[in-house]
>>> print(open('protein.cif').read())   # mmCIF, C-alpha atoms; chains and numbers go by the auth columns
data_protein
loop_
_atom_site.group_PDB
_atom_site.id
_atom_site.type_symbol
_atom_site.label_atom_id
_atom_site.label_comp_id
_atom_site.label_asym_id
_atom_site.label_seq_id
_atom_site.Cartn_x
_atom_site.Cartn_y
_atom_site.Cartn_z
_atom_site.B_iso_or_equiv
_atom_site.auth_seq_id
_atom_site.auth_asym_id
ATOM 1 C CA MET A 1 117.900 39.803 35.598 0.00 1 A
ATOM 2 C CA SER A 2 117.239 36.646 33.592 0.00 2 A
ATOM 3 C CA LEU A 3 119.930 34.192 32.579 0.00 3 A
ATOM 4 C CA LEU A 4 118.624 34.245 28.998 0.00 4 A
ATOM 5 C CA SER A 5 116.108 36.655 27.535 0.00 5 A
ATOM 6 C CA ALA A 6 114.805 37.769 24.167 0.00 6 A
ATOM 7 C CA GLN A 7 112.779 40.816 23.200 0.00 7 A
ATOM 8 C CA GLY A 8 111.012 41.247 19.879 0.00 8 A
ATOM 9 C CA LEU A 9 113.060 38.425 18.372 0.00 9 A
ATOM 10 C CA GLN A 10 112.827 38.043 14.600 0.00 10 A
ATOM 11 C CA ALA A 11 114.596 35.578 12.318 0.00 11 A
ATOM 12 C CA ARG A 12 114.538 34.738 8.634 0.00 12 A
ATOM 13 C CA LEU A 13 115.426 31.534 6.827 0.00 13 A
ATOM 14 C CA GLY A 14 115.789 31.596 3.063 0.00 14 A
ATOM 15 C CA GLY A 15 114.331 35.117 2.966 0.00 15 A
ATOM 16 C CA ARG A 16 111.170 33.969 4.778 0.00 16 A
ATOM 17 C CA LYS A 17 110.311 35.342 8.230 0.00 17 A
ATOM 18 C CA VAL A 18 110.030 32.349 10.574 0.00 18 A
ATOM 19 C CA LEU A 19 110.143 34.117 13.935 0.00 19 A
ATOM 20 C CA ASP A 20 108.428 37.415 14.618 0.00 20 A
ATOM 21 C CA GLY A 21 108.106 39.280 17.896 0.00 21 A
ATOM 22 C CA ILE A 22 109.240 36.546 20.298 0.00 22 A
ATOM 23 C CA ASP A 23 109.702 37.623 23.933 0.00 23 A
ATOM 24 C CA LEU A 24 110.967 35.274 26.621 0.00 24 A
ATOM 25 C CA ALA A 25 112.914 35.150 29.855 0.00 25 A
ATOM 26 C CA VAL A 26 114.514 32.075 31.387 0.00 26 A
ATOM 27 C CA ASP A 27 116.146 32.006 34.802 0.00 27 A
ATOM 28 C CA GLY A 28 118.898 29.658 35.973 0.00 28 A
ATOM 29 C CA GLY A 29 117.599 26.256 37.069 0.00 29 A
ATOM 30 C CA GLU A 30 114.303 26.791 35.282 0.00 30 A
ATOM 31 C CA MET A 31 112.989 24.063 32.966 0.00 31 A
ATOM 32 C CA VAL A 32 111.069 25.285 29.937 0.00 32 A
ATOM 33 C CA GLY A 33 109.131 23.226 27.388 0.00 33 A
ATOM 34 C CA LEU A 34 108.929 24.429 23.805 0.00 34 A
ATOM 35 C CA ILE A 35 105.895 22.908 22.125 0.00 35 A
ATOM 36 C CA GLY A 36 104.461 23.429 18.656 0.00 36 A
ATOM 37 C CA PRO A 37 103.741 21.760 15.328 0.00 37 A
ATOM 38 C CA ASN A 38 106.413 20.809 12.806 0.00 38 A
ATOM 39 C CA GLY A 39 107.711 23.863 10.999 0.00 39 A
ATOM 40 C CA ALA A 40 106.592 26.308 13.699 0.00 40 A
ATOM 41 C CA GLY A 41 110.145 27.562 14.312 0.00 41 A
ATOM 42 C CA LYS A 42 111.066 25.769 17.545 0.00 42 A
ATOM 43 C CA THR A 43 114.507 24.673 16.324 0.00 43 A
ATOM 44 C CA THR A 44 115.116 28.042 14.685 0.00 44 A
ATOM 45 C CA LEU A 45 114.315 29.776 17.987 0.00 45 A
ATOM 46 C CA LEU A 46 116.759 27.561 19.877 0.00 46 A
ATOM 47 C CA LYS A 47 119.478 28.132 17.272 0.00 47 A
ATOM 48 C CA VAL A 48 118.983 31.904 17.400 0.00 48 A
ATOM 49 C CA LEU A 49 119.086 31.877 21.209 0.00 49 A
ATOM 50 C CA ALA A 50 122.285 29.790 21.108 0.00 50 A
ATOM 51 C CA GLY A 51 123.853 32.211 18.618 0.00 51 A
ATOM 52 C CA LEU A 52 123.981 29.644 15.810 0.00 52 A
ATOM 53 C CA LEU A 53 121.680 31.655 13.513 0.00 53 A
ATOM 54 C CA PRO A 54 121.589 35.443 13.122 0.00 54 A
ATOM 55 C CA LEU A 55 118.758 37.658 14.329 0.00 55 A
ATOM 56 C CA SER A 56 116.948 39.761 11.775 0.00 56 A
ATOM 57 C CA GLY A 57 115.393 41.893 14.519 0.00 57 A
ATOM 58 C CA GLY A 58 115.017 42.206 18.253 0.00 58 A
ATOM 59 C CA SER A 59 117.604 41.269 20.823 0.00 59 A
ATOM 60 C CA VAL A 60 118.929 38.379 22.898 0.00 60 A
ATOM 61 C CA SER A 61 120.759 38.803 26.174 0.00 61 A
ATOM 62 C CA LEU A 62 122.738 36.529 28.461 0.00 62 A
ATOM 63 C CA ARG A 63 122.678 37.830 32.019 0.00 63 A
ATOM 64 C CA GLY A 64 121.804 41.261 30.674 0.00 64 A
ATOM 65 C CA ARG A 65 124.534 41.390 28.017 0.00 65 A
ATOM 66 C CA SER A 66 124.458 40.872 24.274 0.00 66 A
ATOM 67 C CA PRO A 67 125.907 37.441 23.395 0.00 67 A
ATOM 68 C CA ALA A 68 128.505 39.260 21.252 0.00 68 A
ATOM 69 C CA GLN A 69 129.747 40.987 24.434 0.00 69 A
ATOM 70 C CA VAL A 70 130.151 37.700 26.298 0.00 70 A
ATOM 71 C CA PRO A 71 133.463 35.940 25.622 0.00 71 A
ATOM 72 C CA GLU A 72 133.040 32.574 23.857 0.00 72 A
ATOM 73 C CA ARG A 73 134.321 30.618 26.858 0.00 73 A
ATOM 74 C CA ASP A 74 131.776 32.292 29.151 0.00 74 A
ATOM 75 C CA ARG A 75 128.983 31.767 26.603 0.00 75 A
ATOM 76 C CA ALA A 76 129.865 28.064 26.453 0.00 76 A
ATOM 77 C CA ARG A 77 129.497 27.901 30.234 0.00 77 A
ATOM 78 C CA LEU A 78 126.031 29.448 30.041 0.00 78 A
ATOM 79 C CA VAL A 79 124.508 27.909 26.901 0.00 79 A
ATOM 80 C CA ALA A 80 124.634 24.401 25.448 0.00 80 A
ATOM 81 C CA TYR A 81 122.815 23.319 22.314 0.00 81 A
ATOM 82 C CA LEU A 82 121.957 19.712 21.564 0.00 82 A
ATOM 83 C CA ALA A 83 120.816 19.252 17.972 0.00 83 A
ATOM 84 C CA GLN A 84 117.689 17.217 17.351 0.00 84 A
ATOM 85 C CA ALA A 85 119.711 14.626 15.439 0.00 85 A
ATOM 86 C CA GLY A 86 122.787 14.727 17.666 0.00 86 A
ATOM 87 C CA GLU A 87 125.448 12.259 16.627 0.00 87 A
ATOM 88 C CA CYS A 88 128.881 11.244 17.810 0.00 88 A
ATOM 89 C CA HIS A 89 131.222 9.985 15.135 0.00 89 A
ATOM 90 C CA TRP A 90 134.124 8.899 17.345 0.00 90 A
ATOM 91 C CA PRO A 91 134.226 5.719 19.438 0.00 91 A
ATOM 92 C CA LEU A 92 134.536 7.606 22.739 0.00 92 A
ATOM 93 C CA SER A 93 133.428 6.056 25.970 0.00 93 A
ATOM 94 C CA VAL A 94 130.299 7.630 27.409 0.00 94 A
ATOM 95 C CA ALA A 95 132.300 8.991 30.357 0.00 95 A
ATOM 96 C CA ARG A 96 134.826 10.692 28.022 0.00 96 A
ATOM 97 C CA LEU A 97 132.025 12.077 25.867 0.00 97 A
ATOM 98 C CA VAL A 98 130.253 13.569 28.879 0.00 98 A
ATOM 99 C CA ALA A 99 133.584 14.971 30.145 0.00 99 A
ATOM 100 C CA LEU A 100 133.843 17.039 26.936 0.00 100 A
ATOM 101 C CA GLY A 101 131.008 19.146 28.305 0.00 101 A
ATOM 102 C CA ARG A 102 133.369 20.375 31.014 0.00 102 A
ATOM 103 C CA LEU A 103 135.910 21.850 28.566 0.00 103 A
ATOM 104 C CA PRO A 104 134.635 25.437 28.917 0.00 104 A
ATOM 105 C CA HIS A 105 135.076 25.141 32.689 0.00 105 A
ATOM 106 C CA LEU A 106 138.706 23.962 32.623 0.00 106 A
ATOM 107 C CA MET A 107 141.689 26.256 32.898 0.00 107 A
ATOM 108 C CA PRO A 108 144.035 26.135 29.895 0.00 108 A
ATOM 109 C CA TRP A 109 146.482 23.232 30.029 0.00 109 A
ATOM 110 C CA ARG A 110 144.781 21.788 33.103 0.00 110 A
ATOM 111 C CA GLY A 111 142.933 18.512 33.349 0.00 111 A
ATOM 112 C CA PRO A 112 139.638 18.053 35.139 0.00 112 A
ATOM 113 C CA GLY A 113 139.678 18.352 38.915 0.00 113 A
ATOM 114 C CA PRO A 114 137.436 16.969 41.663 0.00 114 A
ATOM 115 C CA ALA A 115 134.670 19.510 40.963 0.00 115 A
ATOM 116 C CA ASP A 116 134.653 18.459 37.300 0.00 116 A
ATOM 117 C CA ALA A 117 134.500 14.781 38.256 0.00 117 A
ATOM 118 C CA ARG A 118 131.475 15.546 40.475 0.00 118 A
ATOM 119 C CA ALA A 119 129.778 17.542 37.697 0.00 119 A
ATOM 120 C CA ILE A 120 130.360 14.702 35.206 0.00 120 A
ATOM 121 C CA ALA A 121 129.033 12.093 37.642 0.00 121 A
ATOM 122 C CA ASN A 122 125.988 14.261 38.429 0.00 122 A
ATOM 123 C CA ALA A 123 125.238 14.821 34.727 0.00 123 A
ATOM 124 C CA MET A 124 125.539 11.099 33.984 0.00 124 A
ATOM 125 C CA ARG A 125 123.292 10.239 36.906 0.00 125 A
ATOM 126 C CA ALA A 126 120.692 12.862 35.887 0.00 126 A
ATOM 127 C CA ALA A 127 120.632 11.499 32.309 0.00 127 A
ATOM 128 C CA ASP A 128 120.621 7.884 33.571 0.00 128 A
ATOM 129 C CA VAL A 129 123.750 6.845 31.642 0.00 129 A
ATOM 130 C CA THR A 130 126.090 5.966 34.520 0.00 130 A
ATOM 131 C CA GLN A 131 125.808 2.269 33.699 0.00 131 A
ATOM 132 C CA PHE A 132 127.241 3.008 30.220 0.00 132 A
ATOM 133 C CA ALA A 133 130.300 4.954 31.444 0.00 133 A
ATOM 134 C CA ASP A 134 132.894 2.568 29.961 0.00 134 A
ATOM 135 C CA ARG A 135 130.975 1.651 26.795 0.00 135 A
ATOM 136 C CA PRO A 136 131.713 3.302 23.457 0.00 136 A
ATOM 137 C CA ILE A 137 128.912 5.690 22.563 0.00 137 A
ATOM 138 C CA SER A 138 128.518 3.876 19.228 0.00 138 A
ATOM 139 C CA THR A 139 127.353 0.700 21.023 0.00 139 A
ATOM 140 C CA LEU A 140 124.347 2.410 22.620 0.00 140 A
ATOM 141 C CA SER A 141 120.838 2.575 21.229 0.00 141 A
ATOM 142 C CA ALA A 142 119.730 5.849 19.650 0.00 142 A
ATOM 143 C CA GLY A 143 117.819 6.850 22.781 0.00 143 A
ATOM 144 C CA GLU A 144 120.746 6.005 25.056 0.00 144 A
ATOM 145 C CA GLN A 145 123.072 8.031 22.819 0.00 145 A
ATOM 146 C CA VAL A 146 120.788 11.050 23.066 0.00 146 A
ATOM 147 C CA ARG A 147 120.778 10.765 26.866 0.00 147 A
ATOM 148 C CA ALA A 148 124.606 10.640 26.856 0.00 148 A
ATOM 149 C CA LEU A 149 124.726 13.713 24.604 0.00 149 A
ATOM 150 C CA LEU A 150 122.285 15.462 26.926 0.00 150 A
ATOM 151 C CA ALA A 151 124.577 14.667 29.865 0.00 151 A
ATOM 152 C CA ARG A 152 127.463 16.247 27.917 0.00 152 A
ATOM 153 C CA ALA A 153 125.386 19.396 27.299 0.00 153 A
#
>>> encode(input="protein.cif", output="C-alpha coordinates")
Amino acid sequence: MSLLSAQGLQARLGGRKVLDGIDLAVDGGEMVGLIGPNGAGKTTLLKVLAGLLPLSGGSVSLRGRSPAQVPERDRARLVAYLAQAGECHWPLSVARLVALGRLPHLMPWRGPGPADARAIANAMRAADVTQFADRPISTLSAGEQVRALLARA
(Lines of atoms letter the chains of each structure in order from A and count residues from 1; the text may use other names and numbers.)
(Lines give C-alpha, C1' and ligand atoms only; values in the text may rest on other atoms or scores of the structure.)
Protein backbone atom coordinates (compact mmCIF):
# COMPACT_ATOMS: atom_id res chain seq x y z
CA MET A 1 0.00 0.00 0.00
CA SER A 2 1.35 3.41 -0.98
CA LEU A 3 1.74 6.30 1.43
CA LEU A 4 -0.04 8.60 -1.04
CA SER A 5 -1.92 7.57 -4.15
CA ALA A 6 -4.35 9.01 -6.65
CA GLN A 7 -6.56 7.29 -9.20
CA GLY A 8 -8.32 9.07 -12.05
CA LEU A 9 -7.76 12.42 -10.37
CA GLN A 10 -9.65 15.36 -11.86
CA ALA A 11 -9.73 18.99 -10.75
CA ARG A 12 -11.28 22.20 -12.00
CA LEU A 13 -10.26 25.80 -11.46
CA GLY A 14 -12.66 28.55 -12.44
CA GLY A 15 -14.88 26.01 -14.21
CA ARG A 16 -11.97 24.84 -16.40
CA LYS A 17 -10.67 21.26 -16.14
CA VAL A 18 -6.97 21.50 -15.27
CA LEU A 19 -6.31 17.92 -14.18
CA ASP A 20 -7.82 14.90 -15.89
CA GLY A 21 -7.15 11.24 -15.24
CA ILE A 22 -4.04 11.53 -13.05
CA ASP A 23 -2.81 8.28 -11.47
CA LEU A 24 0.14 8.14 -9.11
CA ALA A 25 1.56 6.26 -6.15
CA VAL A 26 4.26 7.50 -3.80
CA ASP A 27 5.85 5.40 -1.08
CA GLY A 28 7.44 6.65 2.14
CA GLY A 29 11.01 7.85 1.67
CA GLU A 30 10.57 8.15 -2.07
CA MET A 31 11.61 11.37 -3.82
CA VAL A 32 9.49 12.38 -6.79
CA GLY A 33 10.10 15.21 -9.26
CA LEU A 34 7.13 16.96 -10.83
CA ILE A 35 8.19 18.59 -14.08
CA GLY A 36 6.18 20.48 -16.68
CA PRO A 37 5.66 23.85 -18.34
CA ASN A 38 4.04 26.82 -16.63
CA GLY A 39 0.29 26.36 -16.37
CA ALA A 40 0.44 22.57 -16.73
CA GLY A 41 -1.22 21.99 -13.34
CA LYS A 42 1.75 21.02 -11.17
CA THR A 43 0.77 23.30 -8.27
CA THR A 44 -2.89 22.37 -8.64
CA LEU A 45 -1.96 18.68 -8.41
CA LEU A 46 0.06 19.26 -5.24
CA LYS A 47 -2.76 21.29 -3.68
CA VAL A 48 -5.33 18.60 -4.50
CA LEU A 49 -3.07 15.89 -3.07
CA ALA A 50 -2.57 17.97 0.09
CA GLY A 51 -6.33 18.47 0.43
CA LEU A 52 -6.14 22.23 -0.16
CA LEU A 53 -8.29 22.11 -3.32
CA PRO A 54 -11.30 19.86 -3.94
CA LEU A 55 -11.35 16.97 -6.39
CA SER A 56 -13.88 17.07 -9.19
CA GLY A 57 -13.34 13.37 -9.91
CA GLY A 58 -11.23 10.39 -8.99
CA SER A 59 -9.80 9.66 -5.59
CA VAL A 60 -6.83 10.33 -3.32
CA SER A 61 -5.76 8.04 -0.52
CA LEU A 62 -3.32 8.27 2.36
CA ARG A 63 -2.14 4.83 3.41
CA GLY A 64 -5.22 3.36 1.76
CA ARG A 65 -7.74 5.73 3.36
CA SER A 66 -9.56 8.76 2.04
CA PRO A 67 -7.99 11.95 3.45
CA ALA A 68 -11.42 12.80 4.93
CA GLN A 69 -11.18 9.60 7.01
CA VAL A 70 -7.76 10.51 8.39
CA PRO A 71 -7.88 12.81 11.42
CA GLU A 72 -6.30 16.24 10.77
CA ARG A 73 -3.46 15.61 13.22
CA ASP A 74 -2.55 12.35 11.47
CA ARG A 75 -2.82 13.99 8.04
CA ALA A 76 -0.43 16.73 9.20
CA ARG A 77 2.05 14.03 10.19
CA LEU A 78 1.86 12.47 6.73
CA VAL A 79 1.60 15.46 4.38
CA ALA A 80 3.29 18.86 4.37
CA TYR A 81 2.79 21.49 1.70
CA LEU A 82 5.28 24.25 1.02
CA ALA A 83 3.83 26.93 -1.25
CA GLN A 84 5.93 28.12 -4.16
CA ALA A 85 6.09 31.61 -2.67
CA GLY A 86 6.40 30.54 0.96
CA GLU A 87 6.79 33.44 3.34
CA CYS A 88 7.19 33.93 7.06
CA HIS A 89 5.80 37.15 8.44
CA TRP A 90 7.03 36.84 12.03
CA PRO A 91 10.61 37.46 13.19
CA LEU A 92 11.08 33.88 14.43
CA SER A 93 14.50 32.35 14.69
CA VAL A 94 15.15 29.66 12.11
CA ALA A 95 15.28 27.02 14.86
CA ARG A 96 11.85 28.07 16.21
CA LEU A 97 10.40 28.16 12.71
CA VAL A 98 11.64 24.65 11.95
CA ALA A 99 10.33 23.46 15.34
CA LEU A 100 6.80 24.46 14.25
CA GLY A 101 6.93 21.52 11.86
CA ARG A 102 6.91 19.21 14.87
CA LEU A 103 3.57 20.50 16.23
CA PRO A 104 1.51 17.62 14.78
CA HIS A 105 3.84 15.17 16.54
CA LEU A 106 3.56 16.71 20.02
CA MET A 107 1.10 15.57 22.65
CA PRO A 108 -1.32 18.28 23.80
CA TRP A 109 0.16 20.59 26.43
CA ARG A 110 3.59 18.99 26.08
CA GLY A 111 6.73 20.62 24.79
CA PRO A 112 9.15 18.99 22.40
CA GLY A 113 11.17 16.07 23.72
CA PRO A 114 14.53 14.56 22.74
CA ALA A 115 13.08 12.84 19.65
CA ASP A 116 11.68 16.18 18.46
CA ALA A 117 15.02 17.90 19.05
CA ARG A 118 16.71 15.20 16.92
CA ALA A 119 14.10 15.55 14.16
CA ILE A 120 14.54 19.35 14.14
CA ALA A 121 18.33 19.06 14.03
CA ASN A 122 18.13 16.46 11.24
CA ALA A 123 15.74 18.61 9.19
CA MET A 124 17.97 21.68 9.60
CA ARG A 125 21.04 19.69 8.62
CA ALA A 126 19.29 18.19 5.57
CA ALA A 127 18.18 21.67 4.41
CA ASP A 128 21.62 23.14 5.22
CA VAL A 129 20.27 25.84 7.57
CA THR A 130 21.92 24.80 10.85
CA GLN A 131 24.26 27.79 10.70
CA PHE A 132 21.20 30.09 10.74
CA ALA A 133 19.54 28.51 13.81
CA ASP A 134 19.63 31.67 15.96
CA ARG A 135 19.01 34.20 13.16
CA PRO A 136 15.57 35.66 12.51
CA ILE A 137 14.13 34.18 9.34
CA SER A 138 13.61 37.71 8.00
CA THR A 139 17.39 38.29 7.88
CA LEU A 140 18.00 35.42 5.45
CA SER A 141 18.13 35.63 1.68
CA ALA A 142 15.10 34.39 -0.25
CA GLY A 143 16.82 31.09 -1.04
CA GLU A 144 17.90 30.57 2.57
CA GLN A 145 14.35 31.30 3.74
CA VAL A 146 12.96 28.68 1.38
CA ARG A 147 15.44 26.12 2.72
CA ALA A 148 14.35 26.95 6.30
CA LEU A 149 10.69 26.57 5.30
CA LEU A 150 11.53 23.25 3.65
CA ALA A 151 13.16 22.10 6.89
CA ARG A 152 9.94 23.03 8.73
CA ALA A 153 7.88 20.98 6.25
>>> resolve_selection(input="protein.cif", expression="the PyMOL selection byres ((chain A and resi 21) around 7)", output="PyMOL selection string")
chain A and resi 8-10+19-20+22-23
>>> write_last_selection(input="protein.cif", atoms="C-alpha atoms", output="PDB file, keeping the file's coordinate frame")
ATOM      1  CA  GLY A   8     111.012  41.247  19.879  1.00  0.00           C
ATOM      2  CA  LEU A   9     113.060  38.425  18.372  1.00  0.00           C
ATOM      3  CA  GLN A  10     112.827  38.043  14.600  1.00  0.00           C
ATOM      4  CA  LEU A  19     110.143  34.117  13.935  1.00  0.00           C
ATOM      5  CA  ASP A  20     108.428  37.415  14.618  1.00  0.00           C
ATOM      6  CA  ILE A  22     109.240  36.546  20.298  1.00  0.00           C
ATOM      7  CA  ASP A  23     109.702  37.623  23.933  1.00  0.00           C
TER       8      ASP A  23
END
>>> residues_around(input="protein.cif", residues="Val98 of chain A", least_positions_apart="5", cutoff="8 Å", atoms="only C-alpha atoms", output="JSON, numbers by chain")
{"A": [120, 123, 124, 148, 149, 151, 152, 153]}
>>> write_last_selection(input="protein.cif", atoms="C-alpha atoms", output="PDB file, in the frame of the given file")
ATOM      1  CA  ILE A 120     130.360  14.702  35.206  1.00  0.00           C
ATOM      2  CA  ALA A 123     125.238  14.821  34.727  1.00  0.00           C
ATOM      3  CA  MET A 124     125.539  11.099  33.984  1.00  0.00           C
ATOM      4  CA  ALA A 148     124.606  10.640  26.856  1.00  0.00           C
ATOM      5  CA  LEU A 149     124.726  13.713  24.604  1.00  0.00           C
ATOM      6  CA  ALA A 151     124.577  14.667  29.865  1.00  0.00           C
ATOM      7  CA  ARG A 152     127.463  16.247  27.917  1.00  0.00           C
ATOM      8  CA  ALA A 153     125.386  19.396  27.299  1.00  0.00           C
TER       9      ALA A 153
END
>>> closest_residue(input="protein.cif", among="A:Ser61, A:Val129, A:Ser56, A:Gln69", to="Ser141 of chain A", atoms="only C-alpha atoms")
A:Val129
>>> resolve_selection(input="protein.cif", expression="the PyMOL selection byres ((chain A and resi 132) around 9)", output="list in words")
Ser93, Val94, Ala95, Asp128, Val129, Thr130, Gln131, Ala133, Asp134, Arg135, Pro136, Ile137, Leu140, Glu144 and Ala148 of chain A
>>> atom_distance(input="protein.cif", atom1="atom CA of Arg12 of chain A", atom2="atom CA of Leu55 of chain A")
7.7 Å
>>> residues_around(input="protein.cif", residues="Gly41 of chain A", least_positions_apart="2", cutoff="7 Å", atoms="only C-alpha atoms", output="PyMOL selection string")
chain A and resi 18-19+39+43-45
>>> closest_residue(input="protein.cif", among="A:Gln84, A:Gln145, A:Gln7, A:Asn38", to="Val60 of chain A", atoms="only C-alpha atoms")
A:Gln7
>>> residues_near_point(input="protein.cif", point="(122.5, 27.0, 31.0)", cutoff="9 Å", atoms="all atoms listed in the file", output="VMD selection string")
chain A and resid 3 to 4 27 to 29 76 to 80 153
>>> closest_residue(input="protein.cif", among="A:Ala142, A:Ala6, A:Leu103, A:Leu24", to="Glu87 of chain A", atoms="only C-alpha atoms")
A:Ala142
>>> build_atoms(input="protein.cif", residues="segment 86-97 of chain A", atoms="all heavy atoms", output="mmCIF file, keeping the file's coordinate frame")
data_model
loop_
_atom_site.group_PDB
_atom_site.id
_atom_site.type_symbol
_atom_site.label_atom_id
_atom_site.label_comp_id
_atom_site.auth_asym_id
_atom_site.auth_seq_id
_atom_site.Cartn_x
_atom_site.Cartn_y
_atom_site.Cartn_z
ATOM 1 N N GLY A 86 121.424 14.739 17.165
ATOM 2 C CA GLY A 86 122.787 14.727 17.666
ATOM 3 C C GLY A 86 123.466 13.395 17.387
ATOM 4 O O GLY A 86 122.859 12.337 17.530
ATOM 5 N N GLU A 87 124.695 13.469 16.931
ATOM 6 C CA GLU A 87 125.448 12.259 16.627
ATOM 7 C C GLU A 87 126.857 12.391 17.168
ATOM 8 O O GLU A 87 127.370 13.487 17.334
ATOM 9 C CB GLU A 87 125.527 12.040 15.111
ATOM 10 C CG GLU A 87 124.196 11.751 14.458
ATOM 11 C CD GLU A 87 124.349 11.525 12.964
ATOM 12 O OE1 GLU A 87 125.337 10.878 12.565
ATOM 13 O OE2 GLU A 87 123.504 12.021 12.211
ATOM 14 N N CYS A 88 127.476 11.279 17.419
ATOM 15 C CA CYS A 88 128.881 11.244 17.810
ATOM 16 C C CYS A 88 129.579 10.286 16.859
ATOM 17 O O CYS A 88 129.189 9.122 16.745
ATOM 18 C CB CYS A 88 129.027 10.782 19.255
ATOM 19 S SG CYS A 88 130.720 10.914 19.832
ATOM 20 N N HIS A 89 130.575 10.772 16.173
ATOM 21 C CA HIS A 89 131.222 9.985 15.135
ATOM 22 C C HIS A 89 132.529 9.329 15.586
ATOM 23 O O HIS A 89 133.202 8.699 14.787
ATOM 24 C CB HIS A 89 131.487 10.860 13.908
ATOM 25 C CG HIS A 89 130.224 11.426 13.336
ATOM 26 N ND1 HIS A 89 129.356 10.681 12.578
ATOM 27 C CD2 HIS A 89 129.657 12.654 13.445
ATOM 28 C CE1 HIS A 89 128.328 11.426 12.224
ATOM 29 N NE2 HIS A 89 128.488 12.624 12.738
ATOM 30 N N TRP A 90 132.897 9.505 16.831
ATOM 31 C CA TRP A 90 134.124 8.899 17.345
ATOM 32 C C TRP A 90 133.765 7.851 18.386
ATOM 33 O O TRP A 90 132.800 8.005 19.119
ATOM 34 C CB TRP A 90 135.018 9.968 17.979
ATOM 35 C CG TRP A 90 135.387 11.033 17.002
ATOM 36 C CD1 TRP A 90 136.344 10.967 16.044
ATOM 37 C CD2 TRP A 90 134.788 12.321 16.873
ATOM 38 N NE1 TRP A 90 136.382 12.139 15.337
ATOM 39 C CE2 TRP A 90 135.426 12.988 15.820
ATOM 40 C CE3 TRP A 90 133.752 12.972 17.540
ATOM 41 C CZ2 TRP A 90 135.094 14.266 15.424
ATOM 42 C CZ3 TRP A 90 133.416 14.249 17.147
ATOM 43 C CH2 TRP A 90 134.090 14.880 16.101
ATOM 44 N N PRO A 91 134.547 6.796 18.482
ATOM 45 C CA PRO A 91 134.226 5.719 19.438
ATOM 46 C C PRO A 91 134.658 6.059 20.874
ATOM 47 O O PRO A 91 135.384 5.310 21.511
ATOM 48 C CB PRO A 91 135.013 4.529 18.878
ATOM 49 C CG PRO A 91 136.195 5.151 18.204
ATOM 50 C CD PRO A 91 135.694 6.459 17.639
ATOM 51 N N LEU A 92 134.214 7.202 21.374
ATOM 52 C CA LEU A 92 134.536 7.606 22.739
ATOM 53 C C LEU A 92 133.696 6.832 23.732
ATOM 54 O O LEU A 92 132.549 6.488 23.443
ATOM 55 C CB LEU A 92 134.224 9.094 22.927
ATOM 56 C CG LEU A 92 135.012 10.104 22.115
ATOM 57 C CD1 LEU A 92 134.422 11.489 22.310
ATOM 58 C CD2 LEU A 92 136.463 10.081 22.525
ATOM 59 N N SER A 93 134.255 6.624 24.909
ATOM 60 C CA SER A 93 133.428 6.056 25.970
ATOM 61 C C SER A 93 132.421 7.123 26.393
ATOM 62 O O SER A 93 132.647 8.328 26.201
ATOM 63 C CB SER A 93 134.284 5.654 27.169
ATOM 64 O OG SER A 93 134.748 6.807 27.852
ATOM 65 N N VAL A 94 131.321 6.695 26.965
ATOM 66 C CA VAL A 94 130.299 7.630 27.409
ATOM 67 C C VAL A 94 130.884 8.605 28.430
ATOM 68 O O VAL A 94 130.636 9.814 28.361
ATOM 69 C CB VAL A 94 129.072 6.876 27.966
ATOM 70 C CG1 VAL A 94 128.105 7.815 28.667
ATOM 71 C CG2 VAL A 94 128.372 6.122 26.837
ATOM 72 N N ALA A 95 131.705 8.112 29.348
ATOM 73 C CA ALA A 95 132.300 8.991 30.357
ATOM 74 C C ALA A 95 133.173 10.067 29.707
ATOM 75 O O ALA A 95 133.128 11.240 30.103
ATOM 76 C CB ALA A 95 133.111 8.181 31.357
ATOM 77 N N ARG A 96 133.962 9.703 28.705
ATOM 78 C CA ARG A 96 134.826 10.692 28.022
ATOM 79 C C ARG A 96 133.984 11.687 27.230
ATOM 80 O O ARG A 96 134.297 12.870 27.173
ATOM 81 C CB ARG A 96 135.839 10.001 27.134
ATOM 82 C CG ARG A 96 136.931 9.304 27.976
ATOM 83 C CD ARG A 96 138.049 8.809 27.123
ATOM 84 N NE ARG A 96 138.657 9.904 26.365
ATOM 85 C CZ ARG A 96 139.867 10.379 26.576
ATOM 86 N NH1 ARG A 96 140.620 9.861 27.514
ATOM 87 N NH2 ARG A 96 140.342 11.348 25.833
ATOM 88 N N LEU A 97 132.917 11.195 26.612
ATOM 89 C CA LEU A 97 132.025 12.077 25.867
ATOM 90 C C LEU A 97 131.406 13.109 26.802
ATOM 91 O O LEU A 97 131.413 14.309 26.512
ATOM 92 C CB LEU A 97 130.929 11.273 25.175
ATOM 93 C CG LEU A 97 129.867 12.120 24.468
ATOM 94 C CD1 LEU A 97 130.412 12.633 23.149
ATOM 95 C CD2 LEU A 97 128.603 11.329 24.259
#
